[in-house]
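Everything on this sheet refers to the single structure shown next.
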Amino acid sequence: MAHWRDVVSTYGEVVAVECRLGVLLPETKLPYPRGTIKKALVEALHDPAHHNETFKNQIELAFLCLDRFVPADQARSLPEIEGREKEYLVQFGRLHDRMVQLCGEFLRDLRERR
């Protein structure tokens with residue numbers, strides 16, 4: 001089984017690219033099964049070498065982004081969505097952009113610690 005750092009790092013790279021391209025993304029884009037990613041994120045939270053607020057926030061945001069990966073038949077892009085749902089998703093997109101930025105910082109931090 002892959003070490004949590006490898007899973008989280010690979011997942012972070014997918015988040016940095018894919019989460020900018022759509023609102024609800026097909027889970028087939030995930031580099032590992034959802035359960036494996038969740039387990040790795042939990043392990044990352046419990047690693048004593050990473051006990052700081054920034055790291056914790058990055059992992060929490062990574063959990064949030066995982067919810068954007070859905071079965072392929074439910075995946076939709078922003079142009080397909082209208083009305084109040086679109087308004088909400090635009091606001092969510094702003095939050096997501098911040099999350100992607102934090103994920104990038106997290107990946108740089110992981111690479112520096114290796």
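Residues in the structure tokens are named by chain (A, B, ... in the order shown) and by number from 1 within that chain; ligands are numbered from 1 in the order shown.
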
Residue contacts of Arg111 of chain A (12 Å, only C-alpha atoms) excluding same-chain residues fewer than 6 positions away, as a list in words:
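Counting only C-alpha atoms, the residues come to Arg5, Asp6, Val8, Ser9, Thr10, Gly12, Gly104 and Glu105 of chain A.
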
Applying 7 Å and only C-alpha atoms, which residues near Arg68 of chain A remain after dropping the ones on its own chain fewer than 2 positions away? List them as a list in words.
Val23, Leu24, Leu25, Cys65, Leu66 and Val70 of chain A

I want to know what sits within 12 Å of segment 46-52 of chain A, based on only C-alpha atoms, with residues of the same chain fewer than 3 positions away left out; could you give that as a ChimeraX atom specification?
/A:3-5,39-43,55-59,106,109-110,113-114

Expected file contents, prior selection, C-alpha atoms, as a PDB file, in the first residue's frame:
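Produced file result_26.pdb, reproduced below:
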```
ATOM      1  CA  HIS A   3       2.472   5.779   1.935  1.00  0.00           C
ATOM      2  CA  TRP A   4       0.045   8.559   2.857  1.00  0.00           C
ATOM      3  CA  ARG A   5       2.480  11.192   1.561  1.00  0.00           C
ATOM      4  CA  LYS A  39      -7.449   7.224   4.832  1.00  0.00           C
ATOM      5  CA  ALA A  40      -4.272   9.007   3.676  1.00  0.00           C
ATOM      6  CA  LEU A  41      -5.718  12.413   4.595  1.00  0.00           C
ATOM      7  CA  VAL A  42      -6.613  11.120   8.077  1.00  0.00           C
ATOM      8  CA  GLU A  43      -3.115   9.668   8.480  1.00  0.00           C
ATOM      9  CA  PHE A  55      -1.198  21.907   7.413  1.00  0.00           C
ATOM     10  CA  LYS A  56      -4.469  21.091   9.190  1.00  0.00           C
ATOM     11  CA  ASN A  57      -6.320  23.679   7.059  1.00  0.00           C
ATOM     12  CA  GLN A  58      -4.820  22.275   3.873  1.00  0.00           C
ATOM     13  CA  ILE A  59      -5.924  18.744   4.728  1.00  0.00           C
ATOM     14  CA  PHE A 106       0.999  21.900   0.897  1.00  0.00           C
ATOM     15  CA  ASP A 109       5.903  21.703   1.859  1.00  0.00           C
ATOM     16  CA  LEU A 110       5.699  17.924   1.383  1.00  0.00           C
ATOM     17  CA  ARG A 113      10.328  17.606   3.823  1.00  0.00           C
ATOM     18  CA  ARG A 114      11.284  14.545   1.736  1.00  0.00           C
TER      19      ARG A 114
END
```

Distance criterion (only C-alpha atoms): nearest to Leu64 of chain A out of A:Tyr32, A:Glu18, A:Lys38, A:Gln101:
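Closest candidate: A:Lys38.
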
What is the distance, in Å and to one decimal place, between atom CA of Ala75 of chain A and atom CA of Glu13 of chain A?
19.6 Å

Can you list, as a ChimeraX atom specification, every protein, DNA or RNA residue that comes within 9 Å of Leu30 of chain A when you count only C-alpha atoms, leaving out same-chain residues fewer than 6 positions away?
/A:11,14-15,37,66,69
